[in-house]
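Below is the file start_10.cif, which contains mmCIF, C-alpha atoms, pLDDT in the B column; chains and numbers go by the auth columns.
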```cif
data_final
loop_
_atom_site.group_PDB
_atom_site.id
_atom_site.type_symbol
_atom_site.label_atom_id
_atom_site.label_comp_id
_atom_site.label_asym_id
_atom_site.label_seq_id
_atom_site.Cartn_x
_atom_site.Cartn_y
_atom_site.Cartn_z
_atom_site.B_iso_or_equiv
_atom_site.auth_seq_id
_atom_site.auth_asym_id
ATOM 1 C CA MET A 1 21.083 -56.429 38.438 80.00 1 A
ATOM 2 C CA ARG A 2 24.571 -57.223 39.730 92.00 2 A
ATOM 3 C CA PHE A 3 27.134 -54.410 39.770 93.00 3 A
ATOM 4 C CA TYR A 4 30.713 -55.725 39.641 96.00 4 A
ATOM 5 C CA LEU A 5 33.799 -53.824 40.726 96.00 5 A
ATOM 6 C CA THR A 6 36.470 -54.343 38.068 96.00 6 A
ATOM 7 C CA THR A 7 39.958 -54.789 39.494 97.00 7 A
ATOM 8 C CA HIS A 8 43.363 -56.258 38.681 94.00 8 A
ATOM 9 C CA LYS A 9 43.883 -57.162 42.359 96.00 9 A
ATOM 10 C CA ARG A 10 43.072 -60.876 42.355 96.00 10 A
ATOM 11 C CA HIS A 11 43.544 -61.246 46.130 95.00 11 A
ATOM 12 C CA TRP A 12 40.459 -59.054 46.653 97.00 12 A
ATOM 13 C CA VAL A 13 38.321 -62.136 46.006 97.00 13 A
ATOM 14 C CA ARG A 14 39.160 -63.317 49.511 96.00 14 A
ATOM 15 C CA LEU A 15 38.632 -59.910 51.151 97.00 15 A
ATOM 16 C CA THR A 16 35.106 -58.828 50.138 97.00 16 A
ATOM 17 C CA ARG A 17 31.686 -60.238 49.326 97.00 17 A
ATOM 18 C CA VAL A 18 31.030 -57.421 46.835 97.00 18 A
ATOM 19 C CA PRO A 19 30.852 -58.803 43.246 97.00 19 A
ATOM 20 C CA LEU A 20 34.205 -58.496 41.455 98.00 20 A
ATOM 21 C CA PHE A 21 35.196 -58.596 37.785 98.00 21 A
ATOM 22 C CA LEU A 22 38.740 -59.743 36.966 97.00 22 A
ATOM 23 C CA LYS A 23 40.715 -60.573 33.835 97.00 23 A
ATOM 24 C CA SER A 24 41.658 -64.218 33.468 97.00 24 A
ATOM 25 C CA GLU A 25 45.317 -63.232 32.999 95.00 25 A
ATOM 26 C CA HIS A 26 45.495 -61.913 36.553 94.00 26 A
ATOM 27 C CA PHE A 27 44.611 -65.377 37.837 95.00 27 A
ATOM 28 C CA VAL A 28 46.848 -67.159 35.338 92.00 28 A
ATOM 29 C CA LYS A 29 49.952 -65.350 36.586 86.00 29 A
ATOM 30 C CA ALA A 30 49.402 -66.580 40.150 91.00 30 A
ATOM 31 C CA ALA A 31 51.348 -69.606 41.376 90.00 31 A
ATOM 32 C CA LYS A 32 48.653 -70.201 44.007 93.00 32 A
ATOM 33 C CA LEU A 33 44.982 -69.293 43.915 95.00 33 A
ATOM 34 C CA THR A 34 42.686 -68.924 46.935 94.00 34 A
ATOM 35 C CA PRO A 35 38.910 -69.380 47.182 97.00 35 A
ATOM 36 C CA ALA A 36 36.651 -66.375 46.636 98.00 36 A
ATOM 37 C CA LEU A 37 34.586 -65.009 49.495 97.00 37 A
ATOM 38 C CA GLY A 38 31.830 -63.616 47.274 97.00 38 A
ATOM 39 C CA PRO A 39 30.593 -63.697 43.667 97.00 39 A
ATOM 40 C CA TYR A 40 32.862 -62.854 40.756 98.00 40 A
ATOM 41 C CA ALA A 41 32.998 -63.014 36.969 98.00 41 A
ATOM 42 C CA VAL A 42 35.925 -63.451 34.603 98.00 42 A
ATOM 43 C CA ASP A 43 36.874 -61.173 31.716 98.00 43 A
ATOM 44 C CA SER A 44 38.903 -62.671 28.881 97.00 44 A
ATOM 45 C CA GLY A 45 40.996 -59.507 28.513 95.00 45 A
ATOM 46 C CA GLY A 46 40.059 -59.216 24.862 96.00 46 A
ATOM 47 C CA PHE A 47 40.374 -55.450 24.620 95.00 47 A
ATOM 48 C CA SER A 48 43.972 -55.477 25.875 95.00 48 A
ATOM 49 C CA GLU A 49 44.843 -58.514 23.769 97.00 49 A
ATOM 50 C CA LEU A 50 43.607 -56.966 20.533 97.00 50 A
ATOM 51 C CA GLN A 51 44.975 -53.540 21.401 97.00 51 A
ATOM 52 C CA ARG A 52 48.502 -54.882 21.849 97.00 52 A
ATOM 53 C CA HIS A 53 48.634 -57.598 19.205 98.00 53 A
ATOM 54 C CA GLY A 54 45.767 -57.122 16.779 98.00 54 A
ATOM 55 C CA GLU A 55 44.890 -60.774 17.327 98.00 55 A
ATOM 56 C CA TRP A 56 44.442 -63.360 20.055 98.00 56 A
ATOM 57 C CA THR A 57 47.734 -64.891 21.236 97.00 57 A
ATOM 58 C CA ARG A 58 46.062 -67.502 23.466 96.00 58 A
ATOM 59 C CA THR A 59 44.342 -70.440 21.806 97.00 59 A
ATOM 60 C CA PRO A 60 40.822 -71.506 22.834 98.00 60 A
ATOM 61 C CA ARG A 61 42.343 -74.622 24.387 98.00 61 A
ATOM 62 C CA GLN A 62 44.681 -72.520 26.541 97.00 62 A
ATOM 63 C CA TYR A 63 41.851 -70.239 27.584 98.00 63 A
ATOM 64 C CA VAL A 64 39.644 -73.175 28.595 98.00 64 A
ATOM 65 C CA ASP A 65 42.519 -74.611 30.638 97.00 65 A
ATOM 66 C CA ASP A 66 42.914 -71.239 32.361 97.00 66 A
ATOM 67 C CA LEU A 67 39.198 -71.002 33.111 98.00 67 A
ATOM 68 C CA ARG A 68 39.078 -74.528 34.508 98.00 68 A
ATOM 69 C CA ARG A 69 41.948 -73.810 36.898 97.00 69 A
ATOM 70 C CA ILE A 70 40.196 -70.635 38.078 98.00 70 A
ATOM 71 C CA TRP A 71 36.906 -72.512 38.514 98.00 71 A
ATOM 72 C CA GLU A 72 38.533 -75.315 40.506 97.00 72 A
ATOM 73 C CA CYS A 73 40.842 -73.180 42.679 97.00 73 A
ATOM 74 C CA VAL A 74 38.936 -69.923 43.221 98.00 74 A
ATOM 75 C CA GLY A 75 35.444 -71.373 43.031 97.00 75 A
ATOM 76 C CA PRO A 76 32.553 -71.328 40.545 98.00 76 A
ATOM 77 C CA TYR A 77 32.267 -67.918 38.922 98.00 77 A
ATOM 78 C CA ASP A 78 29.026 -66.305 37.745 98.00 78 A
ATOM 79 C CA TRP A 79 30.182 -66.431 34.115 98.00 79 A
ATOM 80 C CA ALA A 80 33.248 -65.911 31.927 98.00 80 A
ATOM 81 C CA ALA A 81 33.550 -63.833 28.756 98.00 81 A
ATOM 82 C CA PRO A 82 34.617 -65.556 25.528 98.00 82 A
ATOM 83 C CA GLN A 83 37.594 -64.518 23.409 98.00 83 A
ATOM 84 C CA ASP A 84 35.483 -61.987 21.555 98.00 84 A
ATOM 85 C CA TRP A 85 36.517 -59.356 19.007 98.00 85 A
ATOM 86 C CA MET A 86 35.607 -55.750 19.860 97.00 86 A
ATOM 87 C CA CYS A 87 34.430 -53.466 17.065 96.00 87 A
ATOM 88 C CA GLU A 88 35.729 -50.046 18.131 95.00 88 A
ATOM 89 C CA ASP A 89 37.472 -48.110 15.338 95.00 89 A
ATOM 90 C CA LEU A 90 40.825 -48.115 17.160 96.00 90 A
ATOM 91 C CA ILE A 91 40.729 -51.883 17.635 97.00 91 A
ATOM 92 C CA ILE A 92 40.000 -52.427 13.948 97.00 92 A
ATOM 93 C CA HIS A 93 42.047 -49.697 12.274 97.00 93 A
ATOM 94 C CA GLY A 94 44.794 -49.126 14.849 97.00 94 A
ATOM 95 C CA GLY A 95 46.186 -45.803 16.004 97.00 95 A
ATOM 96 C CA THR A 96 46.793 -43.993 19.273 96.00 96 A
ATOM 97 C CA ALA A 97 44.604 -42.679 22.079 93.00 97 A
ATOM 98 C CA GLY A 98 46.696 -40.702 24.536 93.00 98 A
ATOM 99 C CA PRO A 99 49.576 -42.956 25.583 93.00 99 A
ATOM 100 C CA ASN A 100 47.838 -46.095 24.295 94.00 100 A
ATOM 101 C CA VAL A 101 48.904 -47.611 20.970 97.00 101 A
ATOM 102 C CA PHE A 102 46.514 -49.903 19.088 97.00 102 A
ATOM 103 C CA ALA A 103 47.962 -52.456 16.683 98.00 103 A
ATOM 104 C CA GLY A 104 44.761 -52.753 14.651 98.00 104 A
ATOM 105 C CA THR A 105 43.245 -55.998 13.350 98.00 105 A
ATOM 106 C CA HIS A 106 42.550 -54.484 9.904 98.00 106 A
ATOM 107 C CA LEU A 107 39.495 -56.701 9.570 98.00 107 A
ATOM 108 C CA SER A 108 35.863 -55.784 8.975 98.00 108 A
ATOM 109 C CA VAL A 109 33.158 -55.473 11.628 98.00 109 A
ATOM 110 C CA GLU A 110 31.472 -58.471 10.014 98.00 110 A
ATOM 111 C CA GLU A 111 34.627 -60.565 10.382 98.00 111 A
ATOM 112 C CA HIS A 112 34.948 -59.557 14.044 98.00 112 A
ATOM 113 C CA GLN A 113 31.377 -60.683 14.593 98.00 113 A
ATOM 114 C CA ARG A 114 31.933 -63.972 12.790 98.00 114 A
ATOM 115 C CA ARG A 115 35.036 -64.687 14.867 98.00 115 A
ATOM 116 C CA THR A 116 33.256 -63.730 18.083 98.00 116 A
ATOM 117 C CA VAL A 117 30.424 -66.184 17.455 98.00 117 A
ATOM 118 C CA ALA A 118 32.781 -68.922 16.223 98.00 118 A
ATOM 119 C CA ASN A 119 34.936 -68.602 19.340 98.00 119 A
ATOM 120 C CA PHE A 120 31.923 -68.827 21.643 98.00 120 A
ATOM 121 C CA LEU A 121 30.757 -71.983 19.875 98.00 121 A
ATOM 122 C CA GLU A 122 34.205 -73.553 20.182 98.00 122 A
ATOM 123 C CA LEU A 123 34.581 -72.659 23.845 98.00 123 A
ATOM 124 C CA ARG A 124 31.093 -73.906 24.655 98.00 124 A
ATOM 125 C CA SER A 125 31.798 -77.197 22.863 98.00 125 A
ATOM 126 C CA ARG A 126 35.123 -77.648 24.680 98.00 126 A
ATOM 127 C CA ALA A 127 33.780 -76.761 28.125 98.00 127 A
ATOM 128 C CA PRO A 128 29.970 -76.689 28.381 97.00 128 A
ATOM 129 C CA ASP A 129 30.258 -76.718 32.185 97.00 129 A
ATOM 130 C CA LEU A 130 32.290 -73.511 32.549 97.00 130 A
ATOM 131 C CA ARG A 131 29.499 -70.908 32.187 98.00 131 A
ATOM 132 C CA ILE A 132 30.999 -69.125 29.192 98.00 132 A
ATOM 133 C CA ALA A 133 28.686 -66.321 28.080 98.00 133 A
ATOM 134 C CA PRO A 134 27.952 -65.220 24.510 98.00 134 A
ATOM 135 C CA VAL A 135 28.825 -61.619 23.653 98.00 135 A
ATOM 136 C CA LEU A 136 27.213 -59.375 21.053 98.00 136 A
ATOM 137 C CA GLN A 137 29.544 -57.140 19.047 98.00 137 A
ATOM 138 C CA GLY A 138 28.888 -54.357 16.558 97.00 138 A
ATOM 139 C CA ASP A 139 29.206 -50.639 15.878 95.00 139 A
ATOM 140 C CA ASN A 140 25.563 -49.617 15.415 95.00 140 A
ATOM 141 C CA VAL A 141 22.096 -51.047 16.002 96.00 141 A
ATOM 142 C CA PRO A 142 21.824 -52.909 12.651 97.00 142 A
ATOM 143 C CA ALA A 143 25.240 -54.481 13.249 97.00 143 A
ATOM 144 C CA TYR A 144 24.227 -55.760 16.693 97.00 144 A
ATOM 145 C CA GLU A 145 21.029 -57.137 15.185 98.00 145 A
ATOM 146 C CA ARG A 146 23.165 -58.923 12.597 98.00 146 A
ATOM 147 C CA CYS A 147 25.354 -60.407 15.345 98.00 147 A
ATOM 148 C CA ALA A 148 22.283 -61.677 17.188 98.00 148 A
ATOM 149 C CA GLU A 149 21.164 -63.342 13.968 98.00 149 A
ATOM 150 C CA LEU A 150 24.522 -65.097 13.658 98.00 150 A
ATOM 151 C CA TYR A 151 23.970 -66.691 17.065 98.00 151 A
ATOM 152 C CA GLU A 152 20.424 -67.652 16.116 98.00 152 A
ATOM 153 C CA LYS A 153 21.611 -69.297 12.878 98.00 153 A
ATOM 154 C CA ALA A 154 24.203 -71.221 14.909 98.00 154 A
ATOM 155 C CA GLY A 155 21.456 -72.596 17.144 98.00 155 A
ATOM 156 C CA VAL A 156 22.156 -70.393 20.184 98.00 156 A
ATOM 157 C CA ASP A 157 19.011 -69.122 21.923 98.00 157 A
ATOM 158 C CA LEU A 158 20.257 -65.873 23.436 98.00 158 A
ATOM 159 C CA ARG A 159 16.999 -65.363 25.344 98.00 159 A
ATOM 160 C CA ALA A 160 17.672 -68.572 27.256 98.00 160 A
ATOM 161 C CA GLU A 161 21.225 -67.572 28.212 98.00 161 A
ATOM 162 C CA PRO A 162 21.756 -66.447 31.857 97.00 162 A
ATOM 163 C CA VAL A 163 23.777 -63.483 30.598 98.00 163 A
ATOM 164 C CA VAL A 164 24.598 -61.973 27.198 98.00 164 A
ATOM 165 C CA GLY A 165 27.547 -59.591 27.081 98.00 165 A
ATOM 166 C CA LEU A 166 27.149 -56.337 25.194 97.00 166 A
ATOM 167 C CA GLY A 167 30.547 -55.475 23.759 94.00 167 A
ATOM 168 C CA SER A 168 31.987 -52.283 22.269 92.00 168 A
ATOM 169 C CA VAL A 169 29.594 -49.955 24.117 90.00 169 A
ATOM 170 C CA CYS A 170 31.956 -48.744 26.855 81.00 170 A
ATOM 171 C CA ARG A 171 32.735 -45.463 25.095 76.00 171 A
ATOM 172 C CA LEU A 172 29.151 -45.041 23.859 80.00 172 A
ATOM 173 C CA GLN A 173 27.262 -45.839 27.046 69.00 173 A
ATOM 174 C CA SER A 174 26.215 -42.291 27.961 66.00 174 A
ATOM 175 C CA THR A 175 25.445 -41.255 24.365 78.00 175 A
ATOM 176 C CA GLN A 176 22.200 -41.434 22.416 85.00 176 A
ATOM 177 C CA LYS A 177 23.767 -44.035 20.115 89.00 177 A
ATOM 178 C CA GLY A 178 24.804 -46.193 23.049 87.00 178 A
ATOM 179 C CA ALA A 179 21.364 -45.955 24.643 90.00 179 A
ATOM 180 C CA ALA A 180 19.773 -46.980 21.317 92.00 180 A
ATOM 181 C CA ILE A 181 21.992 -50.076 21.132 95.00 181 A
ATOM 182 C CA VAL A 182 21.213 -51.148 24.708 94.00 182 A
ATOM 183 C CA THR A 183 17.501 -50.505 24.213 95.00 183 A
ATOM 184 C CA ALA A 184 17.364 -52.461 20.952 96.00 184 A
ATOM 185 C CA MET A 185 19.138 -55.493 22.392 97.00 185 A
ATOM 186 C CA ALA A 186 17.133 -55.419 25.631 97.00 186 A
ATOM 187 C CA ALA A 187 13.936 -55.410 23.549 97.00 187 A
ATOM 188 C CA HIS A 188 14.824 -58.951 22.429 98.00 188 A
ATOM 189 C CA GLY A 189 14.599 -60.133 26.010 98.00 189 A
ATOM 190 C CA PHE A 190 18.350 -60.699 26.403 98.00 190 A
ATOM 191 C CA LYS A 191 19.769 -60.557 29.955 98.00 191 A
ATOM 192 C CA LEU A 192 22.474 -58.043 29.129 97.00 192 A
ATOM 193 C CA HIS A 193 25.800 -57.373 30.808 97.00 193 A
ATOM 194 C CA GLY A 194 27.238 -53.915 30.161 94.00 194 A
ATOM 195 C CA PHE A 195 31.034 -53.898 30.032 94.00 195 A
ATOM 196 C CA GLY A 196 32.755 -50.883 31.588 89.00 196 A
ATOM 197 C CA PHE A 197 29.677 -48.879 32.535 85.00 197 A
ATOM 198 C CA LYS A 198 29.964 -45.607 34.437 78.00 198 A
ATOM 199 C CA THR A 199 27.470 -43.494 36.371 77.00 199 A
ATOM 200 C CA LEU A 200 26.022 -41.641 33.359 81.00 200 A
ATOM 201 C CA GLY A 201 25.513 -44.866 31.438 84.00 201 A
ATOM 202 C CA LEU A 202 23.812 -46.532 34.403 84.00 202 A
ATOM 203 C CA GLU A 203 21.538 -43.537 34.876 83.00 203 A
ATOM 204 C CA LYS A 204 20.403 -43.803 31.239 85.00 204 A
ATOM 205 C CA VAL A 205 20.048 -47.542 30.687 89.00 205 A
ATOM 206 C CA GLY A 206 20.915 -49.320 33.931 87.00 206 A
ATOM 207 C CA HIS A 207 17.343 -50.550 34.264 89.00 207 A
ATOM 208 C CA LEU A 208 17.755 -52.487 30.984 94.00 208 A
ATOM 209 C CA LEU A 209 20.823 -54.430 32.149 94.00 209 A
ATOM 210 C CA ALA A 210 21.064 -57.667 34.120 95.00 210 A
ATOM 211 C CA SER A 211 24.571 -56.717 35.244 95.00 211 A
ATOM 212 C CA ALA A 212 27.396 -54.264 34.645 93.00 212 A
ATOM 213 C CA ASP A 213 31.016 -53.781 35.662 94.00 213 A
ATOM 214 C CA SER A 214 33.215 -50.740 36.108 93.00 214 A
ATOM 215 C CA ALA A 215 36.853 -49.881 36.788 92.00 215 A
ATOM 216 C CA ALA A 216 36.114 -46.145 36.814 90.00 216 A
ATOM 217 C CA TRP A 217 36.824 -46.041 40.542 92.00 217 A
ATOM 218 C CA SER A 218 40.570 -46.487 39.871 93.00 218 A
ATOM 219 C CA TYR A 219 40.736 -43.634 37.344 88.00 219 A
ATOM 220 C CA HIS A 220 38.686 -41.493 39.715 88.00 220 A
ATOM 221 C CA ALA A 221 41.103 -42.216 42.589 90.00 221 A
ATOM 222 C CA ARG A 222 44.189 -41.520 40.476 90.00 222 A
ATOM 223 C CA LYS A 223 43.064 -37.914 40.016 90.00 223 A
ATOM 224 C CA ARG A 224 42.508 -37.277 43.713 92.00 224 A
ATOM 225 C CA PRO A 225 44.493 -37.313 46.972 92.00 225 A
ATOM 226 C CA PRO A 226 44.328 -40.486 49.066 91.00 226 A
ATOM 227 C CA MET A 227 41.608 -41.067 51.623 93.00 227 A
ATOM 228 C CA ALA A 228 42.226 -39.686 55.102 92.00 228 A
ATOM 229 C CA GLY A 229 44.732 -41.837 56.954 92.00 229 A
ATOM 230 C CA HIS A 230 46.009 -43.569 53.809 93.00 230 A
ATOM 231 C CA THR A 231 49.747 -43.273 53.217 92.00 231 A
ATOM 232 C CA HIS A 232 49.916 -44.232 49.520 91.00 232 A
ATOM 233 C CA LYS A 233 50.226 -41.600 46.768 92.00 233 A
ATOM 234 C CA ASN A 234 46.614 -42.169 45.695 94.00 234 A
ATOM 235 C CA CYS A 235 43.935 -44.824 46.141 95.00 235 A
ATOM 236 C CA ALA A 236 43.943 -46.203 42.598 93.00 236 A
ATOM 237 C CA ASN A 237 44.682 -49.693 43.968 94.00 237 A
ATOM 238 C CA CYS A 238 42.783 -49.387 47.239 95.00 238 A
ATOM 239 C CA LEU A 239 39.915 -51.705 48.185 97.00 239 A
ATOM 240 C CA GLU A 240 38.520 -49.291 50.761 96.00 240 A
ATOM 241 C CA TYR A 241 38.312 -46.536 48.143 96.00 241 A
ATOM 242 C CA ALA A 242 36.770 -48.899 45.577 96.00 242 A
ATOM 243 C CA LEU A 243 34.040 -49.979 48.001 96.00 243 A
ATOM 244 C CA SER A 244 33.353 -46.374 48.994 95.00 244 A
ATOM 245 C CA TRP A 245 33.158 -45.362 45.315 93.00 245 A
ATOM 246 C CA ARG A 246 30.721 -48.197 44.588 92.00 246 A
ATOM 247 C CA THR A 247 28.483 -47.038 47.422 91.00 247 A
ATOM 248 C CA ARG A 248 28.482 -43.481 46.060 88.00 248 A
ATOM 249 C CA VAL A 249 27.678 -44.676 42.519 85.00 249 A
ATOM 250 C CA LEU A 250 24.740 -46.742 43.717 82.00 250 A
ATOM 251 C CA ALA A 251 23.463 -43.795 45.748 81.00 251 A
ATOM 252 C CA ALA A 252 23.580 -41.587 42.637 75.00 252 A
ATOM 253 C CA ILE A 253 21.383 -43.908 40.566 73.00 253 A
ATOM 254 C CA PRO A 254 17.691 -42.900 40.435 67.00 254 A
ATOM 255 C CA ALA A 255 15.854 -44.291 43.452 59.00 255 A
ATOM 256 C CA TRP A 256 13.569 -46.513 41.368 52.00 256 A
ATOM 257 C CA GLN A 257 16.630 -48.477 40.202 52.00 257 A
ATOM 258 C CA GLN A 258 18.236 -48.868 43.638 48.00 258 A
ATOM 259 C CA PRO A 259 16.790 -52.261 44.642 39.00 259 A
ATOM 260 C CA LEU A 260 18.192 -53.743 41.427 46.00 260 A
ATOM 261 C CA LEU A 261 21.614 -52.111 41.441 44.00 261 A
ATOM 262 C CA ASN A 262 22.298 -52.789 45.100 45.00 262 A
ATOM 263 C CA ALA A 263 21.904 -56.539 44.757 48.00 263 A
ATOM 264 C CA ALA A 264 24.995 -58.419 45.895 49.00 264 A
#
```
What would you get if you wrote out this structure as structure tokens?
Amino acid sequence: MRFYLTTHKRHWVRLTRVPLFLKSEHFVKAAKLTPALGPYAVDSGGFSELQRHGEWTRTPRQYVDDLRRIWECVGPYDWAAPQDWMCEDLIIHGGTAGPNVFAGTHLSVEEHQRRTVANFLELRSRAPDLRIAPVLQGDNVPAYERCAELYEKAGVDLRAEPVVGLGSVCRLQSTQKGAAIVTAMAAHGFKLHGFGFKTLGLEKVGHLLASADSAAWSYHARKRPPMAGHTHKNCANCLEYALSWRTRVLAAIPAWQQPLLNAA
């Protein structure tokens, strides 16, 4: 299993060999890109895109162009997420969560799944060389099973894919429902990536995942004073804190999972 640190600091790719997970938009905004020192994967930024707009504002062609520039300038990434459609209630119906406002797509879960699979197929056809990963979406176990069937009907063998993203489980990861979804999809033999996993989720189902990413370190740092000797207000954007947090998370995982989770 590969445990990625999620960050918006694109220059970290040249500062650490620890696996990193970054949104494509953070690379796109850069006038100049530098090669990565270690492994990294690329997130499409779908949650933010749908939260703000209720739809994708970048076309598949634009996204492929962005991914190709990243691939050529930063180096080959492990994989990139497609322009998938999350199935959380707030994404679909809209509303507010704290300070965050969700536009809402006002579409069905089934339509989100159809669009997710269709986008993957288009991206794969446009750029078969760019390691774009399929993502499963849903809101319960039967829905995820249905999404897997959509890929199968489209001729995609998910068991043969190097990684299969498991979307819309971030807020469910430490719950019984979330564990049931991960367990059901892992039973198919899919090499799953868990988006936005935290310590509790990894403790429950980390052994069923091929990889996971987390930005929880930044939220954790925002609630605490800076590390000794650091002059910033907090360490929410601090590489040293992020690496220290990752070490603590790995140490907290049950010992029988350690050899997997610690893999660089």
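Taking CA of Ala154 in chain A and CA of Phe120 in chain A as the two end points, the separation is 10.5 Å.
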Evaluate the PyMOL selection byres ((chain A and resi 121-131) around 7) on the structure here and hand back the selected residues as a CSV table (one decimal) with C-alpha atoms, in the coordinates of the input.
```csv
chain,number,residue,atom,x,y,z
A,60,PRO,CA,40.8,-71.5,22.8
A,64,VAL,CA,39.6,-73.2,28.6
A,79,TRP,CA,30.2,-66.4,34.1
A,80,ALA,CA,33.2,-65.9,31.9
A,117,VAL,CA,30.4,-66.2,17.5
A,118,ALA,CA,32.8,-68.9,16.2
A,119,ASN,CA,34.9,-68.6,19.3
A,120,PHE,CA,31.9,-68.8,21.6
A,132,ILE,CA,31.0,-69.1,29.2
A,133,ALA,CA,28.7,-66.3,28.1
```
Take the point (26.0, -60.3, 14.0) as written in the file and pick out every residue within 8 Å of it, counting only C-alpha atoms; give the list as number ranges by chain.
A: 110, 113-114, 136-138, 143-151
For the residues in that selection, give me C-alpha atoms as a PDB file, in the coordinates of the input.
```
ATOM      1  CA  GLU A 110      31.472 -58.471  10.014  1.00 98.00           C
ATOM      2  CA  GLN A 113      31.377 -60.683  14.593  1.00 98.00           C
ATOM      3  CA  ARG A 114      31.933 -63.972  12.790  1.00 98.00           C
ATOM      4  CA  LEU A 136      27.213 -59.375  21.053  1.00 98.00           C
ATOM      5  CA  GLN A 137      29.544 -57.140  19.047  1.00 98.00           C
ATOM      6  CA  GLY A 138      28.888 -54.357  16.558  1.00 97.00           C
ATOM      7  CA  ALA A 143      25.240 -54.481  13.249  1.00 97.00           C
ATOM      8  CA  TYR A 144      24.227 -55.760  16.693  1.00 97.00           C
ATOM      9  CA  GLU A 145      21.029 -57.137  15.185  1.00 98.00           C
ATOM     10  CA  ARG A 146      23.165 -58.923  12.597  1.00 98.00           C
ATOM     11  CA  CYS A 147      25.354 -60.407  15.345  1.00 98.00           C
ATOM     12  CA  ALA A 148      22.283 -61.677  17.188  1.00 98.00           C
ATOM     13  CA  GLU A 149      21.164 -63.342  13.968  1.00 98.00           C
ATOM     14  CA  LEU A 150      24.522 -65.097  13.658  1.00 98.00           C
ATOM     15  CA  TYR A 151      23.970 -66.691  17.065  1.00 98.00           C
TER      16      TYR A 151
END
```
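Atom pair CA of Ile92 in chain A / CA of Ala216 in chain A has a distance of 24.0 Å (rounded to one decimal).
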Report as a PDB file with C-alpha atoms, keeping the file's coordinate frame the residues that result from applying the PyMOL selection byres ((chain A and resi 236-252) around 6) to the structure here.
```
ATOM      1  CA  TRP A 217      36.824 -46.041  40.542  1.00 92.00           C
ATOM      2  CA  SER A 218      40.570 -46.487  39.871  1.00 93.00           C
ATOM      3  CA  ALA A 221      41.103 -42.216  42.589  1.00 90.00           C
ATOM      4  CA  ARG A 222      44.189 -41.520  40.476  1.00 90.00           C
ATOM      5  CA  ASN A 234      46.614 -42.169  45.695  1.00 94.00           C
ATOM      6  CA  CYS A 235      43.935 -44.824  46.141  1.00 95.00           C
ATOM      7  CA  ILE A 253      21.383 -43.908  40.566  1.00 73.00           C
TER       8      ILE A 253
END
```
Can you pull out the residues contacting range 44-56 of chain A? Cut-off 9 Å, using all atoms listed in the file, and skip same-chain residues under 6 positions away; I want them as a compact mmCIF listing (two decimals) with C-alpha atoms, keeping the file's coordinate frame.
```txt
# COMPACT_ATOMS: atom_id res chain seq x y z
CA LEU A 22 38.74 -59.74 36.97
CA LYS A 23 40.72 -60.57 33.84
CA SER A 24 41.66 -64.22 33.47
CA GLU A 25 45.32 -63.23 33.00
CA TYR A 63 41.85 -70.24 27.58
CA ALA A 80 33.25 -65.91 31.93
CA ALA A 81 33.55 -63.83 28.76
CA PRO A 82 34.62 -65.56 25.53
CA GLN A 83 37.59 -64.52 23.41
CA ASP A 84 35.48 -61.99 21.56
CA TRP A 85 36.52 -59.36 19.01
CA MET A 86 35.61 -55.75 19.86
CA LEU A 90 40.83 -48.12 17.16
CA ILE A 91 40.73 -51.88 17.64
CA ILE A 92 40.00 -52.43 13.95
CA GLY A 94 44.79 -49.13 14.85
CA ASN A 100 47.84 -46.10 24.30
CA VAL A 101 48.90 -47.61 20.97
CA PHE A 102 46.51 -49.90 19.09
CA ALA A 103 47.96 -52.46 16.68
CA GLY A 104 44.76 -52.75 14.65
CA THR A 105 43.24 -56.00 13.35
CA HIS A 106 42.55 -54.48 9.90
```
Given the PyMOL selection byres ((chain A and resi 176-186) around 8) and the file above, list the residues it selects as a list in words.
Asn140, Val141, Tyr144, Glu145, Leu166, Val169, Leu172, Gln173, Ser174, Thr175, Ala187, His188, Gly189, Phe190, Lys191, Leu192, Lys204, Val205, Leu208 and Leu209 of chain A
Name all residues at most 7 Å from Tyr77 in chain A (count only C-alpha atoms; drop same-chain ones fewer than 3 positions away) and give them as JSON, numbers by chain.
{"A": [39, 40, 41, 71]}
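Minimum atom-to-atom distance to Asp43 in chain A, evaluated using all atoms listed in the file, belongs to A:Gly165 out of A:Gly206, A:Pro142, A:Gly98, A:Gly165.
Minimum distance to Leu200 in chain A across A:Arg159, A:Arg68, A:Lys32, A:Arg171 (counting all atoms listed in the file) occurs at A:Arg171.
The space separating CA of Ala215 in chain A from CA of Val42 in chain A comes to 13.8 Å.
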Show me, as a PyMOL selection string, the residues that have an atom within 7 Å of Val74 in chain A when counting only C-alpha atoms, minus same-chain residues fewer than 5 positions from it.
chain A and resi 33-36
Just need the box for range 2-17 of chain A, edges along x, y and z, holding every atom the file lists for it with 6 Å tacked onto each side, so centre and edge lengths in Å to one decimal, as lines of an AutoDock Vina configuration file.
```
center_x = 34.2
center_y = -58.6
center_z = 44.6
size_x = 31.3
size_y = 21.5
size_z = 25.1
```
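Using only C-alpha atoms, the shortest contact distance between Cys87 in chain A and any of A:Val13, A:Cys73, A:Leu5, A:Cys170 is found at A:Cys170.
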Residues within 9 Å of Ala210 in chain A, please, as a PyMOL selection string. Count all atoms listed in the file; anything in the same chain fewer than 5 positions from it doesn't count.
chain A and resi 1-3+163-164+190-194+260
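Counting all atoms listed in the file, the residue from A:Leu107, A:Ala212, A:Leu15, A:Val156 that sits nearest to Phe197 in chain A is A:Ala212.
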